[in-house]
Structures are given as C-alpha cells and as structure tokens.
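S.K.: Pasting a structure below so you can have a look.
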Amino acid sequence: MPDLRRVRELLLGAGYTVGGVREALGAVAGGALARDEIVPALRAAGGGSPVEVLTRLFWLQVPVEAGAIAAGDLVAAGLAEVSGGELRALLRVEPLEA
C-alpha cells in the first residue's frame with residue numbers, strides 16, 4: 001500500500017505548488033502555459049531543481065531521467081513508472097491553490 005502522505009511531502013517539499021511552479025516558470029512561460037503553449041514552459045523548467053523536474057513530469061507530461069527525483073513513492077502510488085532509464089507520468093498531476 002503506497003504512503004500518499006510521503007507523496008504529498010515530496011510534492012510540497014519540492015515546491016510543486018501553484019506559487020512554486022509560477023516562480024520557477026516566470027511570467028512569460030506561465031502565461032504561455034495558461035494558453036496551453038508548452039514550449040516556453042519546457043525551456044523555463046529545463047533545470048534540475050525538484051520543482052522543475054516535477055513540472056516537466058506531471059504538468060508538461062515529459063519523461064525525466066529516472067534519477068532526477070526520488071521516484072519510489074511516485075511509482076508505488078501509481079503516478080509514474082520507470083522505463084528505459086526514464087520516469088514517465090501515468091497521470092497528469094497539477095498543483096492546486098487551497
């Protein structure tokens with residue numbers, strides 16, 4: 001049984017929140033993403049910070065290197081899978097504002 005509290009801690013600890021993603025992407029890429037234009041967001045989230053990795057993985061649906069983030073809990077929860085050295089999202093997970 002996956003521990004979803006650990007998944008939550010991973011996401012929040014990485015800054016995968018609306019504010020964290022907004023800050024990581026910047027105004028231009030964030031605005032483009034709101035219009036479903038992902039290229040500026042892909043460029044802006046091209047670094048290796050946890051929030052950038054999670055944004056590429058879950059919001060932009062782009063596979064990331066399997067070692068880019070601790071994936072065990074994400075895989076156990078059925079949110080992602082490891083294949084060919086890449087971590088791939090099985091679901092789209094967007095941060096929400098509370």
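By convention in this document, the chains of the structure tokens carry letters A, B, ... by their order, each chain's residues are numbered from 1, and ligands are numbered from 1 in the order they are shown.
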Please list as a list in words every residue within 9 Å of range 78-81 of chain A, counting only C-alpha atoms and excluding residues in the same chain fewer than 3 positions away.

M.R.: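 My list of contacting residues is Pro2, Leu57, Phe58, Ala71, Asp73, Leu74, Val75, Glu86, Leu87, Arg88, Ala89, Leu90, Leu91, Arg92 and Val93 of chain A.
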
S.K.: Keeping only N, CA, C and O atoms, write the selected residues as a PDB file, in the first residue's frame.

M.R.:
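Writing done, so here's selection_21.pdb:
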ATOM      1  N   PRO A   2       0.721   2.131  -0.975  1.00  0.00           N
ATOM      2  CA  PRO A   2       1.561   3.329  -1.040  1.00  0.00           C
ATOM      3  C   PRO A   2       1.220   4.289   0.094  1.00  0.00           C
ATOM      4  O   PRO A   2       0.079   4.383   0.534  1.00  0.00           O
ATOM      5  N   LEU A  57       7.551  16.541 -15.490  1.00  0.00           N
ATOM      6  CA  LEU A  57       6.979  15.196 -15.392  1.00  0.00           C
ATOM      7  C   LEU A  57       5.455  15.219 -15.375  1.00  0.00           C
ATOM      8  O   LEU A  57       4.809  14.575 -16.202  1.00  0.00           O
ATOM      9  N   PHE A  58       4.894  15.937 -14.426  1.00  0.00           N
ATOM     10  CA  PHE A  58       3.452  15.834 -14.188  1.00  0.00           C
ATOM     11  C   PHE A  58       2.600  16.841 -14.928  1.00  0.00           C
ATOM     12  O   PHE A  58       1.488  16.538 -15.332  1.00  0.00           O
ATOM     13  N   ALA A  71      11.847   8.521  -6.939  1.00  0.00           N
ATOM     14  CA  ALA A  71      10.634   8.093  -7.628  1.00  0.00           C
ATOM     15  C   ALA A  71       9.893   6.958  -6.951  1.00  0.00           C
ATOM     16  O   ALA A  71       8.781   6.639  -7.345  1.00  0.00           O
ATOM     17  N   ASP A  73       8.149   6.429  -4.183  1.00  0.00           N
ATOM     18  CA  ASP A  73       6.783   6.666  -3.708  1.00  0.00           C
ATOM     19  C   ASP A  73       5.840   7.021  -4.856  1.00  0.00           C
ATOM     20  O   ASP A  73       4.667   6.656  -4.835  1.00  0.00           O
ATOM     21  N   LEU A  74       6.351   7.726  -5.864  1.00  0.00           N
ATOM     22  CA  LEU A  74       5.520   8.075  -7.019  1.00  0.00           C
ATOM     23  C   LEU A  74       5.120   6.826  -7.789  1.00  0.00           C
ATOM     24  O   LEU A  74       3.974   6.691  -8.230  1.00  0.00           O
ATOM     25  N   VAL A  75       6.062   5.904  -7.943  1.00  0.00           N
ATOM     26  CA  VAL A  75       5.792   4.641  -8.639  1.00  0.00           C
ATOM     27  C   VAL A  75       4.838   3.790  -7.812  1.00  0.00           C
ATOM     28  O   VAL A  75       3.855   3.243  -8.329  1.00  0.00           O
ATOM     29  N   GLU A  86      14.016   6.198 -17.821  1.00  0.00           N
ATOM     30  CA  GLU A  86      13.219   7.414 -17.707  1.00  0.00           C
ATOM     31  C   GLU A  86      12.060   7.195 -16.748  1.00  0.00           C
ATOM     32  O   GLU A  86      11.520   6.101 -16.641  1.00  0.00           O
ATOM     33  N   LEU A  87      11.678   8.259 -16.094  1.00  0.00           N
ATOM     34  CA  LEU A  87      10.484   8.270 -15.255  1.00  0.00           C
ATOM     35  C   LEU A  87       9.387   8.930 -16.065  1.00  0.00           C
ATOM     36  O   LEU A  87       9.562  10.039 -16.584  1.00  0.00           O
ATOM     37  N   ARG A  88       8.282   8.228 -16.206  1.00  0.00           N
ATOM     38  CA  ARG A  88       7.159   8.727 -17.008  1.00  0.00           C
ATOM     39  C   ARG A  88       5.919   8.838 -16.138  1.00  0.00           C
ATOM     40  O   ARG A  88       5.605   7.923 -15.382  1.00  0.00           O
ATOM     41  N   ALA A  89       5.217   9.934 -16.286  1.00  0.00           N
ATOM     42  CA  ALA A  89       3.975  10.140 -15.540  1.00  0.00           C
ATOM     43  C   ALA A  89       2.881   9.254 -16.117  1.00  0.00           C
ATOM     44  O   ALA A  89       2.758   9.115 -17.330  1.00  0.00           O
ATOM     45  N   LEU A  90       2.094   8.661 -15.249  1.00  0.00           N
ATOM     46  CA  LEU A  90       0.932   7.884 -15.675  1.00  0.00           C
ATOM     47  C   LEU A  90      -0.343   8.708 -15.567  1.00  0.00           C
ATOM     48  O   LEU A  90      -1.359   8.349 -16.158  1.00  0.00           O
ATOM     49  N   LEU A  91      -0.266   9.795 -14.816  1.00  0.00           N
ATOM     50  CA  LEU A  91      -1.391  10.709 -14.634  1.00  0.00           C
ATOM     51  C   LEU A  91      -0.881  12.136 -14.720  1.00  0.00           C
ATOM     52  O   LEU A  91       0.284  12.392 -14.443  1.00  0.00           O
ATOM     53  N   ARG A  92      -1.753  13.036 -15.062  1.00  0.00           N
ATOM     54  CA  ARG A  92      -1.384  14.454 -15.019  1.00  0.00           C
ATOM     55  C   ARG A  92      -1.720  14.963 -13.614  1.00  0.00           C
ATOM     56  O   ARG A  92      -2.863  14.857 -13.177  1.00  0.00           O
ATOM     57  N   VAL A  93      -0.727  15.481 -12.949  1.00  0.00           N
ATOM     58  CA  VAL A  93      -0.905  15.985 -11.589  1.00  0.00           C
ATOM     59  C   VAL A  93      -0.536  17.463 -11.598  1.00  0.00           C
ATOM     60  O   VAL A  93       0.622  17.806 -11.763  1.00  0.00           O
TER      61      VAL A  93
END

S.K.: Can you check which residues of chain A DSSP gives as strand (DSSP E or B) on the backbone and send them as a list in words?

M.R.: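 Strand (DSSP E or B) assignments inside chain A correspond to Val64, Glu65, Ala80, Glu81, Val82, Ser83, Glu86, Leu87, Arg88 and Ala89 of chain A.
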
S.K.: Residues near Arg5 in chain A, anyone? I mean within 12 Å using only C-alpha atoms, not counting same-chain ones fewer than 5 positions away, as a list in words.

M.R.: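 Result of the neighbour search: Leu10, Leu11, Leu12, Gly13, Asp73, Leu74 and Ala77 of chain A.
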
S.K.: For those residues, write N, CA and C atoms to a file as a short mmCIF file (atom, residue, chain, number, x, y, z; two decimals), in the first residue's frame.

M.R.:
data_model
loop_
_atom_site.label_atom_id
_atom_site.label_comp_id
_atom_site.auth_asym_id
_atom_site.auth_seq_id
_atom_site.Cartn_x
_atom_site.Cartn_y
_atom_site.Cartn_z
N LEU A 10 6.69 14.90 -0.67
CA LEU A 10 7.62 15.06 -1.78
C LEU A 10 7.21 16.25 -2.65
N LEU A 11 5.93 16.31 -3.01
CA LEU A 11 5.45 17.39 -3.87
C LEU A 11 5.57 18.75 -3.19
N LEU A 12 5.12 18.84 -1.94
CA LEU A 12 5.19 20.12 -1.23
C LEU A 12 6.64 20.51 -0.92
N GLY A 13 7.45 19.53 -0.53
CA GLY A 13 8.85 19.80 -0.23
C GLY A 13 9.63 20.30 -1.44
N ASP A 73 8.15 6.43 -4.18
CA ASP A 73 6.78 6.67 -3.71
C ASP A 73 5.84 7.02 -4.86
N LEU A 74 6.35 7.73 -5.86
CA LEU A 74 5.52 8.08 -7.02
C LEU A 74 5.12 6.83 -7.79
N ALA A 77 2.64 4.69 -5.75
CA ALA A 77 1.30 5.28 -5.74
C ALA A 77 0.61 5.18 -7.10
#

S.K.: Pick the closest to Ala34 in chain A from A:Leu4, A:Leu60, A:Val53, A:Ile69: which is it, counting only C-alpha atoms?

M.R.: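 Of all the options, A:Leu60 lies closest to Ala34 in chain A.
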
S.K.: Could you check the closest approach to Leu54 in chain A for each of A:Glu94, A:Glu9, A:Asp36, A:Asp3 and tell me which residue wins, using only C-alpha atoms?

M.R.: A:Glu94

S.K.: Can you tell me, as number ranges by chain, which residues in range 5-91 of chain A count as alpha helix (DSSP H) by DSSP?

M.R.: A: 5-13, 18-34, 39-44, 50-54, 72-76

S.K.: Name the residues in contact with Gly48 in chain A at a cut-off of 12 Å, using only C-alpha atoms, excluding same-chain residues fewer than 3 positions from it; report them as a VMD selection string.

M.R.: chain A and resid 14 24 43 to 45 51 to 57 64 to 65 67 to 69

S.K.: Identify which of the residues A:Arg6, A:Gly72, A:Pro63, A:Val21 lies closest to Leu33 in chain A, counting only C-alpha atoms when measuring atom-to-atom distances.

M.R.: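 With only C-alpha atoms as the atom set, the closest residue is A:Val21.
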